[in-house]
Amino acid sequence: MKAPTPAAAEPRSRDADRSQLAILEAARDEFSQRGLAGARMDSIAERAGLNKRLIYYYFGSKDDLFLAVLEGTYADIREAEQRLHLDEVEPVEAVRRLVSFTWHYYLEHPEFITLLNSENLHRAAHLKRSERIQDMNSPLVALLDGVLERGRRDNLFRAGVDPVQLYISIASLCYFYLSNNDTLSAVFGRDLRAPKAMAQRLSHMTDLVLGYVLR
């Protein structure tokens, strides 16, 4: 049998790329709505409009597919952060932008929170197997470290701020409020999803973070 010509192979490659993308998008929705344990490969195949055998062909197993979804989720937010060009704005504005971006990204991508909740239930068993995740996050750490160093040189920021700890704090301030919003609203008797409350939250988080890094 003759090998496929380049012209024939290219459409097949495009079809494979489209199929994998459709599977990943369907799996993201299924995992974010039902968690890893509740997700069903039959449902993912139905969402993607593809034969279930293709999922196993491309991704191997449900756990491997879940890891691929997690890696894609992290890749998306890291790419979006790079588009902020924090290295091109003055340090205080860069921190403001990062806090605001993180807040709005979580709001616009609730699946990010639910997928991480699911992975935390499994004690990061999938991410620990990833060969990409640390390299994927390194540029963010280097970028934030550069912002902090510029702020220190300009006598704006105090010395000794760990970029990893700072980012974890920013993410935590956003993540906890949104992932626990229903219980917090019930406990404190306030609608913490109301527009005014959400605006107050962003302002509060920004003030907290800047209050820590500023001299």
# chains A, B, ... in the order shown; residues from 1 in each chain; ligands from 1
$ select_by_dssp --residues "stretch 57-159 of chain A" --states "helix (DSSP H, G or I)" --output "MDAnalysis selection string"
chainID A and resid 57:59 62:82 86:88 91:108 110:121 127:129 133:153
$ closest_atom_pairs --of "stretch 85-173 of chain A" --to "stretch 180-185 of chain A" --cutoff "12 Å" --atoms "only C-alpha atoms" --output "Markdown table"
| residue | atom | partner | partner_atom | distance |
| --- | --- | --- | --- | --- |
| A:Leu107 | CA | A:Asn181 | CA | 11.8 |
| A:Ile113 | CA | A:Asn180 | CA | 10.6 |
| A:Thr114 | CA | A:Asn180 | CA | 11.4 |
| A:Asn117 | CA | A:Asn180 | CA | 11.3 |
| A:Ser172 | CA | A:Asn180 | CA | 11.5 |
| A:Leu173 | CA | A:Asn180 | CA | 11.2 |
$ closest_residue --among "A:Arg14, A:Lys52, A:Arg40, A:His85" --to "A:Val147" --atoms "only C-alpha atoms"
A:His85
$ residues_around --residues "stretch 131-133 of chain A" --least-positions-apart "4" --cutoff "8 Å" --atoms "only C-alpha atoms" --output "PyMOL selection string"
chain A and resi 71+74+127+137
$ atom_distance --atom1 "atom CA of A:Glu79" --atom2 "atom CA of A:Phe112"
14.3 Å
$ closest_residue --among "A:Ser61, A:Thr206, A:Thr102, A:Asn155" --to "A:Tyr175" --atoms "only C-alpha atoms"
A:Thr102
$ residues_around --residues "A:Cys174" --least-positions-apart "3" --cutoff "8 Å" --atoms "only C-alpha atoms" --output "PyMOL selection string"
chain A and resi 102-103+106+170-171+177-178+205
$ write_last_selection --atoms "C-alpha atoms" --output "mmCIF file, in the first residue's frame"
data_model
loop_
_atom_site.group_PDB
_atom_site.id
_atom_site.type_symbol
_atom_site.label_atom_id
_atom_site.label_comp_id
_atom_site.auth_asym_id
_atom_site.auth_seq_id
_atom_site.Cartn_x
_atom_site.Cartn_y
_atom_site.Cartn_z
ATOM 1 C CA THR A 102 -6.612 36.960 38.012
ATOM 2 C CA TRP A 103 -9.958 38.023 39.480
ATOM 3 C CA TYR A 106 -11.554 33.218 37.424
ATOM 4 C CA ILE A 170 -3.109 36.792 44.798
ATOM 5 C CA ALA A 171 -4.624 33.565 43.477
ATOM 6 C CA TYR A 177 -13.912 34.213 47.637
ATOM 7 C CA LEU A 178 -15.345 32.750 44.431
ATOM 8 C CA MET A 205 -7.635 42.565 47.262
#
$ residues_around --residues "A:Leu143" --least-positions-apart "6" --cutoff "9 Å" --atoms "only C-alpha atoms" --output "ChimeraX atom specification"
/A:82,86-87,163
